[in-house]
Amino acid sequence: MKAPDLPSHELERLAAVERTGLLDTSPEERFDRFTRMAGKMFDVPIALVTLVDRNRQWFKSCQGLNVPETPRDISFCGHAILHSDVLVIEDARNDERFADNPLVTAAPDILFYAGAPLHSPEGFRLGTLCIIDRTPRRFSEEDRNLLRELADCVEREINLQAASEFYRDLKQSEKRARAVIEGTRVGTWEWNVQTGETVFNERWAQICGYRLEELEPVSIQTWLNLAHPQDLQKSERLLAAHFAGELDEYDYRCRMQHKDGHWVWVHDRGKVFDWTSNGEPLRMYGTHADVTAEMANLQKMQQQNTALSILNDLALDPETDDDARIRKALRLGADYLGMPVAIVSEITSNVYTVLWFDAPDDAGLEEGLSFALPNTYCSIMVEQDDSLAIAHMARSPYRDRPCYELFGLESYVAAPIYLHDRLFGTLNFSSTTPREQGFSETEVTFVTLLARWVAGVLERRIGVQTLTKLVEQTPGMLYQYRLWPDGSSAFPFSGPGIREIYGVESEDVCEDASPVFSRIHPDDLDAVGASIAESAHQLSVWQQQYRTTRGDGDWRWVEGRATPELLADKSIMWHGYIADIDDKKRIQLALQESEEELRRLFELSPIGIALNDYRQASFLDVNQALLAPTRYTREEFMTLDFQQLLPGDGFARLRDRALAELEETGRFGPFEQDILRKDHSTYPAIIQGLLITNASGRSLIWSLIEDISERKKVEQMKNEFISTVSHELRTPLTSIAGSLGLIAGGALGPLPEKVERMIAIAARNSDNLKQLIDDLLDMEKLASGKMSIRLQWQTVSPVIQRCIDRMRTYAVERDITVRFNDHHPDQTLAVDGQRLEQALANLLSNAIKFSPEHSDVIVGTRLDRGQFRIQVSDQGPGIPDSFRHRIFQKFAQADSSDTRGRGGTGLGLAITREIMTQMGGGVGFESTEGRGASFWLDIPVS
């Protein structure tokens, strides 16, 4: 810390401080007014008027501190009086003079200081007007100038008393002086009241810009001709009072016209020294001093005091209506400036709009009135981006602007209104008459400060409007909730959304929160109370989901979140929001319930289920039905991937097929595949899967892995049984069928009619049983791969024709006509002709069997997309919808009595499918129930 040095002429300075007569005197409003203004203007907590005494700095006016003085050796003001410029310390921690000063490191915690020195008439620096903040801040050149102007006002108040004493002494001195020596800087005059004869010295003439000889011959009329007409009446009244003995002397400040045309202020003092014998004034002597500069300073000081008083009144005005406050400011400003029209405008692009105004009724103004900006005086201000003052438009550089022709305003003063560093509009005052003396610096500064005050009002107004609109548009409820130590609570602020959440109004809970808690679901009330208590205890963020009602019996889910703040009285204030989440919550609860149900199905499913990552193939979840046949534990299984479950090259084949199908259809399978157990044995399974994308965009695969070990065993047993039974039955059945055929053919002679019918039935049934055994053997051979398929290139039409010819007898018996539409008679294909004829015979047999009498069965051929198709169409009852999905299964037959009555093994179509599959082809059908059916065989052309 560095103690302040002593100024030069310290003893004379201390004497000047004593002469003020202010040390250790009581507070005075004339000084307190300025410290209050300084605190509000610069938004600081501390403002002082200080006098620096021998060992202390003493506070004549103090705002924000409760001590009357501090030691000089630690004072900031002791440094400030070393120079006349404003001393600014923006951050005392960074200044070696003050970094460890106890006023910085402890209360009052000074970090920012700005002090403007106060001077005595002799020029000694007596103390400062200073402002102090507890946080660092920037202080612009404009701020320095403003603080200096306030300090000038304080300085004048200090020196007023000394000036008054000076003027009194001067008057006494003038009473003793009978004459003034020619050649001084004061004009002198001598007046013979009775004759009007006058004598002026040269200085008297010079004050008015003349040489004395230019005014000769001089008389009292010379003075009357130069005096301002408005001052003559008071001058005559003062002279009369002096002549009557009511005033000891004549003392008057008046205006006189300078040779150049302007007016100068002079201070006239005089006294009658000779009287006539009748007691009338005879000869009068006096002085004539030029006080123009003094009067200008006095007028400036009065203007400043008036301006500061207006600004102070506006700042302290309790009025809450912003419109009323701005209109009052315009009225006061117009009166202060003596100008009839005052406007606050908004500038949007190139449009000037009147927002508020104060003007005579005939001014033609109204709020909302708009003009093109280039046609307004404010366009000049916008161009120069600074305050604008025009005292006489006709004599200004702007007289050719269109605004002058349109509005004819001669005097105009304006300042910009900035909101958040953006030009919002202007504050302007105007008149149709010019100003003789122009605009003073104080008047322009006043308009600038008033514009800043208007900007502050607008910022607050716009901020409140914006916040109100946001609160009104915010879904849910914004609020403040306060809890006092005694347990009472209230909502000091709640947005209009409180009606949607609780069905109450804001005013219902601003003093008591009970109506809100009465609308919380009884099952949730304790949890809400406990969460508030926990948030209060920990001062942690409160967040809770619960149900509320608006009083209509309908319960809705809401979610609240708020941040607590501990207040000085130990109460806690939460700032937060509550939003309606009923739809989202109910969906969430439904999803949870659905997930639980799916989880139960997942775990209880008899088919193995796995969930895998599509890209990494790792297992994410498996059920017990998948774990059981593999003999892995869940923990062991989750470390595996599909490659470790498939033997040999099974993984590569399955992967390639699955990826191809997933790419095309989004699903794969079903595939039959052996699965490796933990002990490296295998079991057969059917694998199929589905590709999905979850909510986060991750690609997953659900796979069904069905253990078909038991099915394989049963199928093997069935095949072995069928093979055994078929072989064991065929030999005796052939013998029986042959014998019955001989008897039915008359080999044993004529038979009785009843015996003949029975023999025919037995022979027919034995043929059916033989066909069944042949079909069973064919099916078993096809399924086991024991039936050899010999593919040879051959013309297909003869094969088809042979089959039709072989079935013609059966067709004639049923009164059915078979027609062959051969569109490709020369088509050659790689087929096994015998097996193709067998497959086609099954289709023809069914078509003839199910066709109505006297109908046609059509056999046709066509080429379609690389496939040769043989199609058999009938006019029968068609395929029932319930039977379509199993029509190619073994032993499958429609259940209707009509179809059952036509006979058949139910193996024909199954055999046809197996034959076509092994030849690389396919089989299919299309049918409309009640309108026939079309079955076809597809054979690849190459």
# chains A, B, ... in the order shown; residues from 1 in each chain; ligands from 1
call {"tool": "select_by_dssp", "arguments": {"residues": "segment 280-352 of chain A", "states": "strand (DSSP E)", "output": "number ranges by chain"}}
result
A: 281-290, 341-348, 351-352
call {"tool": "residues_around", "arguments": {"residues": "Ser703 of chain A", "least_positions_apart": "4", "cutoff": "10 Å", "atoms": "only C-alpha atoms", "output": "list of chain:residue names"}}
result
A:Gly608, A:Ile609, A:Ala610, A:Leu611, A:Asn612, A:Val622, A:Arg667, A:Phe668, A:Gly669, A:Ile687, A:Gln688, A:Gly689, A:Leu690, A:Leu691
call {"tool": "closest_residue", "arguments": {"among": "A:Pro647, A:Gly560, A:Pro496, A:Gly78", "to": "Ile578 of chain A", "atoms": "only C-alpha atoms"}}
result
A:Gly560
call {"tool": "residues_around", "arguments": {"residues": "Leu298 of chain A", "least_positions_apart": "4", "cutoff": "12 Å", "atoms": "only C-alpha atoms", "output": "CSV table (one decimal) with N, CA, C and O atoms, in the first residue's frame"}}
result
chain,number,residue,atom,x,y,z
A,152,ASP,N,-18.7,19.7,-10.5
A,152,ASP,CA,-18.7,21.1,-10.6
A,152,ASP,C,-19.9,21.7,-9.9
A,152,ASP,O,-19.8,22.8,-9.3
A,153,CYS,N,-21.0,21.0,-9.9
A,153,CYS,CA,-22.2,21.5,-9.1
A,153,CYS,C,-21.9,21.5,-7.6
A,153,CYS,O,-22.3,22.4,-6.9
A,156,ARG,N,-19.6,24.4,-6.8
A,156,ARG,CA,-20.3,25.7,-6.7
A,156,ARG,C,-21.0,25.8,-5.4
A,156,ARG,O,-21.1,26.9,-4.9
A,157,GLU,N,-21.7,24.7,-4.9
A,157,GLU,CA,-22.4,24.8,-3.7
A,157,GLU,C,-21.4,25.2,-2.5
A,157,GLU,O,-21.7,26.0,-1.6
A,160,LEU,N,-20.5,28.9,-3.0
A,160,LEU,CA,-21.5,29.9,-3.0
A,160,LEU,C,-21.4,30.8,-1.7
A,160,LEU,O,-21.6,32.0,-1.8
A,163,ALA,N,-18.7,33.2,-2.1
A,163,ALA,CA,-19.0,34.2,-3.1
A,163,ALA,C,-19.9,35.2,-2.5
A,163,ALA,O,-19.8,36.4,-2.8
A,265,TRP,N,-24.1,41.1,-20.4
A,265,TRP,CA,-24.6,41.4,-19.1
A,265,TRP,C,-23.7,42.4,-18.4
A,265,TRP,O,-22.4,42.2,-18.4
A,291,VAL,N,-20.3,41.4,-16.5
A,291,VAL,CA,-20.5,40.1,-15.8
A,291,VAL,C,-21.1,39.1,-16.7
A,291,VAL,O,-21.8,38.1,-16.3
A,292,THR,N,-20.9,39.2,-18.0
A,292,THR,CA,-21.4,38.2,-19.0
A,292,THR,C,-21.0,36.8,-18.7
A,292,THR,O,-21.8,35.8,-18.6
A,293,ALA,N,-19.7,36.6,-18.5
A,293,ALA,CA,-19.2,35.3,-18.2
A,293,ALA,C,-19.7,34.7,-16.9
A,293,ALA,O,-20.1,33.5,-16.8
A,294,GLU,N,-19.8,35.6,-15.9
A,294,GLU,CA,-20.3,35.2,-14.6
A,294,GLU,C,-21.8,34.8,-14.7
A,294,GLU,O,-22.2,33.8,-14.2
A,302,GLN,N,-27.5,27.0,-12.9
A,302,GLN,CA,-28.9,26.9,-12.6
A,302,GLN,C,-29.5,25.9,-13.6
A,302,GLN,O,-30.4,25.1,-13.1
A,303,GLN,N,-29.1,25.9,-14.8
A,303,GLN,CA,-29.6,24.9,-15.7
A,303,GLN,C,-29.2,23.5,-15.3
A,303,GLN,O,-30.0,22.5,-15.3
A,304,GLN,N,-28.0,23.3,-14.8
A,304,GLN,CA,-27.5,22.0,-14.3
A,304,GLN,C,-28.3,21.6,-13.1
A,304,GLN,O,-28.8,20.4,-13.0
A,305,ASN,N,-28.5,22.5,-12.2
A,305,ASN,CA,-29.3,22.1,-11.0
A,305,ASN,C,-30.7,21.8,-11.4
A,305,ASN,O,-31.3,20.8,-10.8
call {"tool": "residues_around", "arguments": {"residues": "Ala910 of chain A", "least_positions_apart": "3", "cutoff": "7 Å", "atoms": "only C-alpha atoms", "output": "list in words"}}
result
Phe888, Gln889, Lys890, Leu907, Arg913 and Glu914 of chain A
call {"tool": "atom_distance", "arguments": {"atom1": "atom CA of Glu96 of chain A", "atom2": "atom CA of Val44 of chain A"}}
result
23.3 Å
call {"tool": "residues_around", "arguments": {"residues": "Arg331 of chain A", "least_positions_apart": "4", "cutoff": "7 Å", "atoms": "only C-alpha atoms", "output": "PDB file with all heavy atoms, in the first residue's frame"}}
result
ATOM      1  N   ARG A 327     -44.605  10.289 -20.338  1.00  0.00           N
ATOM      2  CA  ARG A 327     -45.289  11.544 -20.685  1.00  0.00           C
ATOM      3  C   ARG A 327     -44.909  12.657 -19.709  1.00  0.00           C
ATOM      4  O   ARG A 327     -44.759  13.820 -20.101  1.00  0.00           O
ATOM      5  CB  ARG A 327     -46.802  11.310 -20.686  1.00  0.00           C
ATOM      6  CG  ARG A 327     -47.279  10.407 -21.821  1.00  0.00           C
ATOM      7  CD  ARG A 327     -48.787  10.399 -21.949  1.00  0.00           C
ATOM      8  NE  ARG A 327     -49.210   9.501 -23.006  1.00  0.00           N
ATOM      9  CZ  ARG A 327     -49.652   8.253 -22.815  1.00  0.00           C
ATOM     10  NH1 ARG A 327     -49.735   7.784 -21.570  1.00  0.00           N
ATOM     11  NH2 ARG A 327     -50.011   7.503 -23.828  1.00  0.00           N
ATOM     12  N   ASP A 335     -40.741  21.888 -20.674  1.00  0.00           N
ATOM     13  CA  ASP A 335     -40.752  23.103 -19.853  1.00  0.00           C
ATOM     14  C   ASP A 335     -39.328  23.589 -19.589  1.00  0.00           C
ATOM     15  O   ASP A 335     -39.053  24.799 -19.625  1.00  0.00           O
ATOM     16  CB  ASP A 335     -41.469  22.818 -18.527  1.00  0.00           C
ATOM     17  CG  ASP A 335     -42.970  22.598 -18.720  1.00  0.00           C
ATOM     18  OD1 ASP A 335     -43.486  22.964 -19.791  1.00  0.00           O
ATOM     19  OD2 ASP A 335     -43.600  22.032 -17.809  1.00  0.00           O
ATOM     20  N   ASP A 358     -45.633  15.146 -26.135  1.00  0.00           N
ATOM     21  CA  ASP A 358     -46.249  16.234 -25.376  1.00  0.00           C
ATOM     22  C   ASP A 358     -46.210  17.452 -26.287  1.00  0.00           C
ATOM     23  O   ASP A 358     -45.123  17.893 -26.686  1.00  0.00           O
ATOM     24  CB  ASP A 358     -45.484  16.501 -24.070  1.00  0.00           C
ATOM     25  CG  ASP A 358     -46.166  17.568 -23.235  1.00  0.00           C
ATOM     26  OD1 ASP A 358     -47.142  17.241 -22.546  1.00  0.00           O
ATOM     27  OD2 ASP A 358     -45.716  18.737 -23.288  1.00  0.00           O
TER      28      ASP A 358
END
call {"tool": "residues_around", "arguments": {"residues": "Phe407 of chain A", "least_positions_apart": "2", "cutoff": "10 Å", "atoms": "only C-alpha atoms", "output": "PDB file with C-alpha atoms, in the first residue's frame"}}
result
ATOM      1  CA  ASN A 375     -38.171  13.238 -44.220  1.00  0.00           C
ATOM      2  CA  THR A 376     -37.549  13.797 -40.477  1.00  0.00           C
ATOM      3  CA  TYR A 377     -35.041  15.874 -38.544  1.00  0.00           C
ATOM      4  CA  PRO A 402     -36.683  17.995 -47.005  1.00  0.00           C
ATOM      5  CA  CYS A 403     -37.673  17.918 -43.336  1.00  0.00           C
ATOM      6  CA  TYR A 404     -37.315  21.715 -43.104  1.00  0.00           C
ATOM      7  CA  GLU A 405     -39.660  22.269 -46.008  1.00  0.00           C
ATOM      8  CA  LEU A 409     -39.063  23.629 -37.363  1.00  0.00           C
ATOM      9  CA  GLU A 410     -36.398  26.227 -36.593  1.00  0.00           C
ATOM     10  CA  THR A 432     -41.044  26.623 -34.924  1.00  0.00           C
TER      11      THR A 432
END
call {"tool": "closest_residue", "arguments": {"among": "A:Ser855, A:Ser277, A:Gln871, A:Gln588", "to": "His823 of chain A", "atoms": "only C-alpha atoms"}}
result
A:Gln871
call {"tool": "closest_residue", "arguments": {"among": "A:Asp95, A:Glu142, A:Asp822, A:Glu155", "to": "Gln801 of chain A", "atoms": "only C-alpha atoms"}}
result
A:Asp822
call {"tool": "select_by_dssp", "arguments": {"residues": "segment 192-357 of chain A", "states": "helix (DSSP H, G or I)", "output": "NGL selection string"}}
result
:A and (202-207 or 212-215 or 220-226 or 229-243 or 292-316 or 322-337)
call {"tool": "residues_around", "arguments": {"residues": "Val755 of chain A", "least_positions_apart": "3", "cutoff": "12 Å", "atoms": "only C-alpha atoms", "output": "number ranges by chain"}}
result
A: 740, 743-744, 746, 750-752, 758-762
call {"tool": "write_last_selection", "arguments": {"atoms": "all heavy atoms", "output": "PDB file, in the first residue's frame"}}
result
ATOM      1  N   LEU A 740     -58.739-110.873 -56.448  1.00  0.00           N
ATOM      2  CA  LEU A 740     -60.041-110.216 -56.540  1.00  0.00           C
ATOM      3  C   LEU A 740     -60.321-109.779 -57.966  1.00  0.00           C
ATOM      4  O   LEU A 740     -61.468-109.810 -58.438  1.00  0.00           O
ATOM      5  CB  LEU A 740     -60.074-108.999 -55.611  1.00  0.00           C
ATOM      6  CG  LEU A 740     -60.108-109.317 -54.110  1.00  0.00           C
ATOM      7  CD1 LEU A 740     -59.958-108.028 -53.290  1.00  0.00           C
ATOM      8  CD2 LEU A 740     -61.411-110.033 -53.741  1.00  0.00           C
ATOM      9  N   ILE A 743     -61.484-112.887 -59.898  1.00  0.00           N
ATOM     10  CA  ILE A 743     -62.859-113.269 -59.532  1.00  0.00           C
ATOM     11  C   ILE A 743     -63.828-112.272 -60.149  1.00  0.00           C
ATOM     12  O   ILE A 743     -64.855-112.659 -60.728  1.00  0.00           O
ATOM     13  CB  ILE A 743     -63.014-113.316 -58.013  1.00  0.00           C
ATOM     14  CG1 ILE A 743     -62.141-114.415 -57.438  1.00  0.00           C
ATOM     15  CG2 ILE A 743     -64.460-113.506 -57.611  1.00  0.00           C
ATOM     16  CD1 ILE A 743     -62.085-114.435 -55.900  1.00  0.00           C
ATOM     17  N   ALA A 744     -63.501-110.959 -60.030  1.00  0.00           N
ATOM     18  CA  ALA A 744     -64.411-109.957 -60.576  1.00  0.00           C
ATOM     19  C   ALA A 744     -64.480-110.048 -62.081  1.00  0.00           C
ATOM     20  O   ALA A 744     -65.505-109.722 -62.703  1.00  0.00           O
ATOM     21  CB  ALA A 744     -63.928-108.548 -60.148  1.00  0.00           C
ATOM     22  N   GLY A 746     -64.616-112.802 -63.784  1.00  0.00           N
ATOM     23  CA  GLY A 746     -65.384-113.989 -64.177  1.00  0.00           C
ATOM     24  C   GLY A 746     -64.564-115.224 -64.325  1.00  0.00           C
ATOM     25  O   GLY A 746     -65.007-116.228 -64.918  1.00  0.00           O
ATOM     26  N   PRO A 750     -69.835-117.242 -63.230  1.00  0.00           N
ATOM     27  CA  PRO A 750     -70.772-116.211 -62.776  1.00  0.00           C
ATOM     28  C   PRO A 750     -70.965-116.269 -61.266  1.00  0.00           C
ATOM     29  O   PRO A 750     -70.914-117.334 -60.648  1.00  0.00           O
ATOM     30  CB  PRO A 750     -72.060-116.569 -63.516  1.00  0.00           C
ATOM     31  CG  PRO A 750     -71.654-117.474 -64.632  1.00  0.00           C
ATOM     32  CD  PRO A 750     -70.447-118.211 -64.198  1.00  0.00           C
ATOM     33  N   LEU A 751     -71.133-115.075 -60.701  1.00  0.00           N
ATOM     34  CA  LEU A 751     -71.336-114.957 -59.259  1.00  0.00           C
ATOM     35  C   LEU A 751     -72.708-114.364 -58.986  1.00  0.00           C
ATOM     36  O   LEU A 751     -73.239-113.593 -59.790  1.00  0.00           O
ATOM     37  CB  LEU A 751     -70.274-114.035 -58.653  1.00  0.00           C
ATOM     38  CG  LEU A 751     -68.827-114.509 -58.794  1.00  0.00           C
ATOM     39  CD1 LEU A 751     -67.908-113.413 -58.279  1.00  0.00           C
ATOM     40  CD2 LEU A 751     -68.599-115.788 -58.012  1.00  0.00           C
ATOM     41  N   PRO A 752     -73.220-114.686 -57.825  1.00  0.00           N
ATOM     42  CA  PRO A 752     -74.493-114.045 -57.462  1.00  0.00           C
ATOM     43  C   PRO A 752     -74.310-112.519 -57.464  1.00  0.00           C
ATOM     44  O   PRO A 752     -73.212-111.994 -57.208  1.00  0.00           O
ATOM     45  CB  PRO A 752     -74.796-114.570 -56.063  1.00  0.00           C
ATOM     46  CG  PRO A 752     -74.013-115.846 -55.980  1.00  0.00           C
ATOM     47  CD  PRO A 752     -72.817-115.681 -56.824  1.00  0.00           C
ATOM     48  N   MET A 758     -69.985-107.158 -53.876  1.00  0.00           N
ATOM     49  CA  MET A 758     -69.021-107.132 -52.763  1.00  0.00           C
ATOM     50  C   MET A 758     -67.597-107.323 -53.295  1.00  0.00           C
ATOM     51  O   MET A 758     -66.661-106.688 -52.816  1.00  0.00           O
ATOM     52  CB  MET A 758     -69.356-108.226 -51.764  1.00  0.00           C
ATOM     53  CG  MET A 758     -70.686-107.994 -51.027  1.00  0.00           C
ATOM     54  SD  MET A 758     -70.700-106.435 -50.103  1.00  0.00           S
ATOM     55  CE  MET A 758     -69.447-106.798 -48.905  1.00  0.00           C
ATOM     56  N   ILE A 759     -67.455-108.260 -54.294  1.00  0.00           N
ATOM     57  CA  ILE A 759     -66.137-108.501 -54.865  1.00  0.00           C
ATOM     58  C   ILE A 759     -65.639-107.228 -55.549  1.00  0.00           C
ATOM     59  O   ILE A 759     -64.455-106.841 -55.453  1.00  0.00           O
ATOM     60  CB  ILE A 759     -66.191-109.676 -55.863  1.00  0.00           C
ATOM     61  CG1 ILE A 759     -66.412-110.995 -55.113  1.00  0.00           C
ATOM     62  CG2 ILE A 759     -64.881-109.755 -56.660  1.00  0.00           C
ATOM     63  CD1 ILE A 759     -65.296-111.382 -54.155  1.00  0.00           C
ATOM     64  N   ALA A 760     -66.527-106.481 -56.282  1.00  0.00           N
ATOM     65  CA  ALA A 760     -66.129-105.243 -56.963  1.00  0.00           C
ATOM     66  C   ALA A 760     -65.664-104.180 -55.968  1.00  0.00           C
ATOM     67  O   ALA A 760     -64.673-103.475 -56.195  1.00  0.00           O
ATOM     68  CB  ALA A 760     -67.294-104.710 -57.808  1.00  0.00           C
ATOM     69  N   ILE A 761     -66.396-104.126 -54.846  1.00  0.00           N
ATOM     70  CA  ILE A 761     -65.997-103.152 -53.815  1.00  0.00           C
ATOM     71  C   ILE A 761     -64.640-103.505 -53.245  1.00  0.00           C
ATOM     72  O   ILE A 761     -63.756-102.659 -53.066  1.00  0.00           O
ATOM     73  CB  ILE A 761     -67.060-103.096 -52.713  1.00  0.00           C
ATOM     74  CG1 ILE A 761     -68.356-102.480 -53.265  1.00  0.00           C
ATOM     75  CG2 ILE A 761     -66.558-102.289 -51.518  1.00  0.00           C
ATOM     76  CD1 ILE A 761     -69.529-102.575 -52.304  1.00  0.00           C
ATOM     77  N   ALA A 762     -64.448-104.820 -52.981  1.00  0.00           N
ATOM     78  CA  ALA A 762     -63.169-105.250 -52.401  1.00  0.00           C
ATOM     79  C   ALA A 762     -62.039-104.991 -53.366  1.00  0.00           C
ATOM     80  O   ALA A 762     -60.938-104.557 -52.977  1.00  0.00           O
ATOM     81  CB  ALA A 762     -63.255-106.735 -52.044  1.00  0.00           C
TER      82      ALA A 762
END
call {"tool": "decode", "arguments": {"residues": "segment 396-411 of chain A", "atoms": "N, CA, C and O atoms", "output": "PDB file, in the first residue's frame"}}
result
ATOM      1  N   SER A 396     -28.569  27.024 -40.620  1.00  0.00           N
ATOM      2  CA  SER A 396     -27.745  25.833 -40.387  1.00  0.00           C
ATOM      3  C   SER A 396     -27.365  25.180 -41.713  1.00  0.00           C
ATOM      4  O   SER A 396     -27.954  25.475 -42.761  1.00  0.00           O
ATOM      5  N   PRO A 397     -26.408  24.252 -41.696  1.00  0.00           N
ATOM      6  CA  PRO A 397     -26.026  23.522 -42.927  1.00  0.00           C
ATOM      7  C   PRO A 397     -27.128  22.582 -43.414  1.00  0.00           C
ATOM      8  O   PRO A 397     -27.010  22.020 -44.507  1.00  0.00           O
ATOM      9  N   TYR A 398     -28.175  22.394 -42.592  1.00  0.00           N
ATOM     10  CA  TYR A 398     -29.215  21.423 -42.933  1.00  0.00           C
ATOM     11  C   TYR A 398     -30.458  22.086 -43.544  1.00  0.00           C
ATOM     12  O   TYR A 398     -31.489  21.433 -43.701  1.00  0.00           O
ATOM     13  N   ARG A 399     -30.371  23.369 -43.871  1.00  0.00           N
ATOM     14  CA  ARG A 399     -31.576  24.087 -44.305  1.00  0.00           C
ATOM     15  C   ARG A 399     -32.152  23.565 -45.615  1.00  0.00           C
ATOM     16  O   ARG A 399     -33.314  23.822 -45.926  1.00  0.00           O
ATOM     17  N   ASP A 400     -31.372  22.802 -46.396  1.00  0.00           N
ATOM     18  CA  ASP A 400     -31.871  22.277 -47.661  1.00  0.00           C
ATOM     19  C   ASP A 400     -32.492  20.889 -47.515  1.00  0.00           C
ATOM     20  O   ASP A 400     -32.935  20.305 -48.510  1.00  0.00           O
ATOM     21  N   ARG A 401     -32.528  20.369 -46.310  1.00  0.00           N
ATOM     22  CA  ARG A 401     -33.098  19.044 -46.105  1.00  0.00           C
ATOM     23  C   ARG A 401     -34.613  19.091 -46.280  1.00  0.00           C
ATOM     24  O   ARG A 401     -35.263  20.099 -45.950  1.00  0.00           O
ATOM     25  N   PRO A 402     -35.222  17.990 -46.776  1.00  0.00           N
ATOM     26  CA  PRO A 402     -36.683  17.995 -47.005  1.00  0.00           C
ATOM     27  C   PRO A 402     -37.486  18.170 -45.726  1.00  0.00           C
ATOM     28  O   PRO A 402     -38.607  18.673 -45.766  1.00  0.00           O
ATOM     29  N   CYS A 403     -36.926  17.796 -44.585  1.00  0.00           N
ATOM     30  CA  CYS A 403     -37.673  17.918 -43.336  1.00  0.00           C
ATOM     31  C   CYS A 403     -37.991  19.383 -43.012  1.00  0.00           C
ATOM     32  O   CYS A 403     -39.051  19.685 -42.432  1.00  0.00           O
ATOM     33  N   TYR A 404     -37.088  20.297 -43.386  1.00  0.00           N
ATOM     34  CA  TYR A 404     -37.315  21.715 -43.104  1.00  0.00           C
ATOM     35  C   TYR A 404     -38.490  22.246 -43.914  1.00  0.00           C
ATOM     36  O   TYR A 404     -39.341  22.987 -43.417  1.00  0.00           O
ATOM     37  N   GLU A 405     -38.557  21.823 -45.161  1.00  0.00           N
ATOM     38  CA  GLU A 405     -39.660  22.269 -46.008  1.00  0.00           C
ATOM     39  C   GLU A 405     -40.984  21.675 -45.531  1.00  0.00           C
ATOM     40  O   GLU A 405     -42.027  22.323 -45.574  1.00  0.00           O
ATOM     41  N   LEU A 406     -40.940  20.398 -45.047  1.00  0.00           N
ATOM     42  CA  LEU A 406     -42.169  19.719 -44.641  1.00  0.00           C
ATOM     43  C   LEU A 406     -42.702  20.239 -43.314  1.00  0.00           C
ATOM     44  O   LEU A 406     -43.913  20.445 -43.153  1.00  0.00           O
ATOM     45  N   PHE A 407     -41.820  20.443 -42.332  1.00  0.00           N
ATOM     46  CA  PHE A 407     -42.282  20.742 -40.976  1.00  0.00           C
ATOM     47  C   PHE A 407     -41.970  22.161 -40.523  1.00  0.00           C
ATOM     48  O   PHE A 407     -42.607  22.661 -39.591  1.00  0.00           O
ATOM     49  N   GLY A 408     -40.967  22.834 -41.093  1.00  0.00           N
ATOM     50  CA  GLY A 408     -40.662  24.212 -40.766  1.00  0.00           C
ATOM     51  C   GLY A 408     -40.195  24.446 -39.350  1.00  0.00           C
ATOM     52  O   GLY A 408     -40.379  25.534 -38.804  1.00  0.00           O
ATOM     53  N   LEU A 409     -39.574  23.457 -38.722  1.00  0.00           N
ATOM     54  CA  LEU A 409     -39.063  23.629 -37.363  1.00  0.00           C
ATOM     55  C   LEU A 409     -37.741  24.388 -37.428  1.00  0.00           C
ATOM     56  O   LEU A 409     -36.843  24.030 -38.184  1.00  0.00           O
ATOM     57  N   GLU A 410     -37.624  25.427 -36.589  1.00  0.00           N
ATOM     58  CA  GLU A 410     -36.398  26.227 -36.593  1.00  0.00           C
ATOM     59  C   GLU A 410     -35.403  25.746 -35.538  1.00  0.00           C
ATOM     60  O   GLU A 410     -34.198  25.810 -35.747  1.00  0.00           O
ATOM     61  N   SER A 411     -35.890  25.303 -34.405  1.00  0.00           N
ATOM     62  CA  SER A 411     -34.983  24.816 -33.359  1.00  0.00           C
ATOM     63  C   SER A 411     -35.340  23.371 -33.043  1.00  0.00           C
ATOM     64  O   SER A 411     -36.515  22.996 -32.994  1.00  0.00           O
TER      65      SER A 411
END
